[in-house]
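Visitor: Below are the structure tokens for one structure; questions will follow.
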Amino acid sequence: ETTYTIEELVAQLLEYARDLAVAHTDQRIKDCVITVPPFFNQAERRAILTAADMAGLKVLSLMSSNAAVALNYGMFRRKEINATAQNILFYDMGASSTTATIASYQTIKTKDRGYTETNPQVTVLGLGYDRSLGGLEMQLRLRDYLAKNFNEVKKTSNDVLESPRGMAKLLKEAGRLAKVLSANSDHLSQVEGVLDEEDFKLMVKREEFEDLCLDVFERIRAPIDAALISAGMDISAIDQFIIVGGGTRIPRVQTVLQEIWGKELGKNINADEAAAMGAVYRAADLGQGFKVKKFHVKEAIVFPIEVDFERQIENEDGSTSTKVVKRSLFALGNSYPQKKVMTFNKHVADFNFSVNYAENEYLPKLEVLAANVENISHIVASGVTAAFAKHNQEGSEPKGIKAHFNMDDSGVLTLAAMEAVFEKSILVEEEKPEEEESTLSKLGSTISKLFSGSEDKVEEGKDNKTEKSDVEKDGEKDSKPNKEEKVEKNESKKKTEDKEKNEDKKAEKELKPKQVMVKEELNYTVTYKDIPDLSPQHLKESKKKLEGINAAESARHEKEAARNTLESYILDAQDKLWQAEYEAASTEEQRTAIREMCSVLDEWIYDEGFDQDASVYKEKLGLLSKLFGPIKERVQEHRDRPEAIQARTTLILIYLSLSLLCMLVLLCIHTFKKRELAVPGQHYKSEGRWFTVTEKLYALGLHIWTYFNMVGNIYKGKGRPLTENNKTIDAQASRENAKSQRGGSRHLRTRNLSRHLKNR
């Protein structure tokens with residue numbers, strides 16, 4: 001016996017869905033967006049991704065069904081969305097579950113490649129659900145009601161409740177009956193061969209159906225209350241109430257929702273395909289083959305997540321004890337996709353921590369058991385001791401260990417990276433700022449200048465005068481050498497001043513300590529505690545198993561198609577050989593041989609050849625078609641002959657009509673030419689141009705006429721030459737005549753011209 005995991009079974013469903021999409025679009029499909037219930041936990045979401053990987057699909061994103069419905073509603077109402085938030089409640093009752101979602105629509109500004117864009121966004125504010133409330137629950141109760149009434153009739157001694165086949169028939173009838181009772185007050189239920197070939201009939205009223213589901217209808221309000229509580233708002237803050245899902249078509253369900261809302265329910269969305277259409281838009285946005293307008297989606301965390309780790313604590317007596325510390329990572333209702341960083345400050349060596357679900361006190365006990373929200377993963381961080389030892393030697397100060405968590409678009413939590421952060425002090429050259437004089441020193445220097453400034457000026461003036469007089473005594477002879485000496489002195493002064501300035505700048509720069517952050521990447525291993533991921537070897541074996549199943553399924557389809565084709569051909573040949581058309585198209589010996597082969601193959605296909613390969617069926621079909629195929633072709637030719645003859649006749653009539661039209665055109669041209677020639681005063685130049693045109697048209701028309709007549713006679717298959725004035729003119733003569741007319745147009749024009757001059 002072969003066992004299959006849940007992922008392998010889901011992978012087969014995804015492959016079947018892909019085959020349907022490929023057959024519909026006639027294109028290769030690899031990328032997809034998969035909708036999941038909003039209450040799927042981490043393990044279930046990872047299992048869906050694994051199943052898609054087995055099926056050879058690339059998942060662009062997992063999307064909650066309620067968010068997909070909200071996206072489908074908003075993508076056709078972009079113009080109605082503005083900066084003011086609009087709160088809409090979606091109530092989705094499907095076959096197996098019910099969800100109530102409060103979504104908010106408003107426009108936001110985002111930056112993309114340096115440009116600011118304003119796009120709409122839908123944010124899930126609140127969620128309430130019942131994972132067992134749906135149309136299937138009502139259908140099962142109606143099935144049990146039909147089974148009870150069937151046993152009460154006592155048409156057979158056997159109990160239908162113990163017959164899986166009988167219960168399956170009643171379940172199908174219950175589904176049909178529930179749909180009919182949604183539009184009718186009563187309906188007659190009829191089931192053939194329920195048990196022991198006994199039929200069953202029962203008139204069911206809508207009131208009876210509603211009485212069976214009274215406790216189910218009482219659970220309709222609970223998801224709405226849960227959604228309002230999680231969103232922190234009252235029902236008066238809701239702008240619209242939209243119903244989705246096949247279960248909302250039941251009149252009693254709509255009545256209960258109408259009483260809760262107090263207004264008219266919104267039904268302006270496709271109840272069956274809203275989630276699928278929203279996922280299609282999401283796939284077009286994330287994929288590379290399409291370009292659509294941006295519409296941001298923010299989903300909400302249903303189950304809060306926390307991080308648990310141990311810490312050593314010193315007691316008053318000097319002993320140490322271990323304390324479990326819990327830190328919230330993603331709280332209830334947090335939007336995602338989102339990234340968060342958690343810092344561990346007290347760990348200086350390798351350590352481990354766990355990622356778990358937080359306390360779910362708001363959930364009922366049965367829901368906690370069904371959701372299986374306990375442990376998620378256990379993470380071991382390594383390399384911490386070595387990193388701290390390395391940086392302690394360098395005098396760095398530790399700033400903690402940072403763990404980077406990412407909740408992606410699919411709602412799957414992953415640990416992206418871990419790193420140890422240290423603060424290190426390094427010396428950096430900085431320019432020393434100029435020292436500013438104090439206010440008192442400035443005031444003192446100013447006062448001193450008031451009393452001593454004039455004497456300095458006088459002394460400077462005297463010195464300048466004496467220097468000037470000394471220079472004048474030296475005479476004009478020494479003026480040039482003095483000038484050169486002055487230039488050299490100035491240059492040397494400049495060089496010394498520049499050196500002094502550079503030395504002063506170097507002296508002004510000083511080394512100052514600066515704090516920088518140093519990050520050291522750490523190694524870590526993640527072990528999932530809820531449902532362990534498949535190992536690479538197991539995943540490879542699962543893919544190989546699915547490939548074998550697909551190959552066997554393809555071979556089975558090919559074999560069944562080949563067997564059906566052979567069987568149909570045998571029955572078709574046996575039936576047609578007795579028809580008059582096929583008897584006229586075949587001989588008695590041919591019909592006898594075909595009948596004998598059909599009889600042999602008919603016995604063989606239900607005995608030895610019932611389970612043969614497709615190649616065997618194709619071989620048998622080829623042998624039979626060699627005998628019966630030519631007869632079918634002759635009959636088909638005989639059936640197509642009248643239509644072909646009609647088409648040929650129509651073509652001949654078209655040829656004749658065109659020929660007659662050409663003759664009329666040529667006759668009109670010839671008549672008009674005679675009238676023009678009869679008018680006196682025609683110039684030679686104009687006559688030459690006129691004759692050239694008319695003769696060419698005449699020759700062209702003659703060629704067309706000859707061609708159409710030749711083609712018409714050849715297509716008719718008469719093989720008789722054309723006749724003119726009881727003289728036989730074959731095709732070769734017609735071509736020579738046309739050639740002579742085309743080549744002798746110049747002589748014809750000259751002859752006509754001379755005749756005209758003679759008449760004048």
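Ordering of the structure tokens sets the chain letters (A, B, ...); residue numbers start at 1 within each chain; ligands are numbered from 1 in the order shown.
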Find the residues around A:Asp409 up to 7 Å (only C-alpha atoms counted), leave out those fewer than 2 positions away in its own chain, and share them as a ChimeraX atom specification.

Guide: /A:61-62,336-337,407,411

Visitor: Mind checking which residues fall within 8 Å of stretch 210-212 of chain A, counting only C-alpha atoms, ignoring those fewer than 3 positions away in the same chain, and posting them as an MDAnalysis selection string?

Guide: chainID A and resid 138 141:142 206:207 252

Visitor: Do a neighbour search on A:Val412 at 9 Å with only C-alpha atoms, toss out local chain neighbours closer than 5 positions, and write the hits as a PyMOL selection string.

Guide: chain A and resi 41-43+45-46+62+406-407

Visitor: I need the chosen residues saved as a PDB file, in the first residue's frame, with N, CA and C atoms.

Guide:
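Final file, again.pdb:
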ATOM      1  N   ASN A  41      -2.804  28.756  10.351  1.00  0.00           N
ATOM      2  CA  ASN A  41      -1.649  29.084  11.171  1.00  0.00           C
ATOM      3  C   ASN A  41      -0.360  28.944  10.356  1.00  0.00           C
ATOM      4  N   GLN A  42       0.773  29.089  11.019  1.00  0.00           N
ATOM      5  CA  GLN A  42       2.065  29.068  10.328  1.00  0.00           C
ATOM      6  C   GLN A  42       2.340  27.715   9.676  1.00  0.00           C
ATOM      7  N   ALA A  43       2.037  26.634  10.360  1.00  0.00           N
ATOM      8  CA  ALA A  43       2.310  25.306   9.813  1.00  0.00           C
ATOM      9  C   ALA A  43       1.474  25.045   8.567  1.00  0.00           C
ATOM     10  N   ARG A  45       0.230  27.249   6.456  1.00  0.00           N
ATOM     11  CA  ARG A  45       0.701  28.083   5.345  1.00  0.00           C
ATOM     12  C   ARG A  45       1.996  27.517   4.751  1.00  0.00           C
ATOM     13  N   ARG A  46       2.899  27.045   5.596  1.00  0.00           N
ATOM     14  CA  ARG A  46       4.129  26.446   5.070  1.00  0.00           C
ATOM     15  C   ARG A  46       3.818  25.156   4.302  1.00  0.00           C
ATOM     16  N   LEU A  62       0.818  33.835  -0.870  1.00  0.00           N
ATOM     17  CA  LEU A  62      -0.418  33.307  -0.297  1.00  0.00           C
ATOM     18  C   LEU A  62      -1.283  34.496   0.096  1.00  0.00           C
ATOM     19  N   ASN A 406      10.830  38.601   9.798  1.00  0.00           N
ATOM     20  CA  ASN A 406      10.092  39.095   8.636  1.00  0.00           C
ATOM     21  C   ASN A 406       8.792  38.308   8.493  1.00  0.00           C
ATOM     22  N   MET A 407       7.684  39.031   8.516  1.00  0.00           N
ATOM     23  CA  MET A 407       6.376  38.453   8.200  1.00  0.00           C
ATOM     24  C   MET A 407       6.056  38.871   6.768  1.00  0.00           C
TER      25      MET A 407
END

Visitor: Record the distance separating atom CA of A:Gly193 and atom CA of A:Gly166, expressed in Å with one decimal.

Guide: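 Atom-to-atom, atom CA of A:Gly193 and atom CA of A:Gly166 are spaced 8.1 Å apart.
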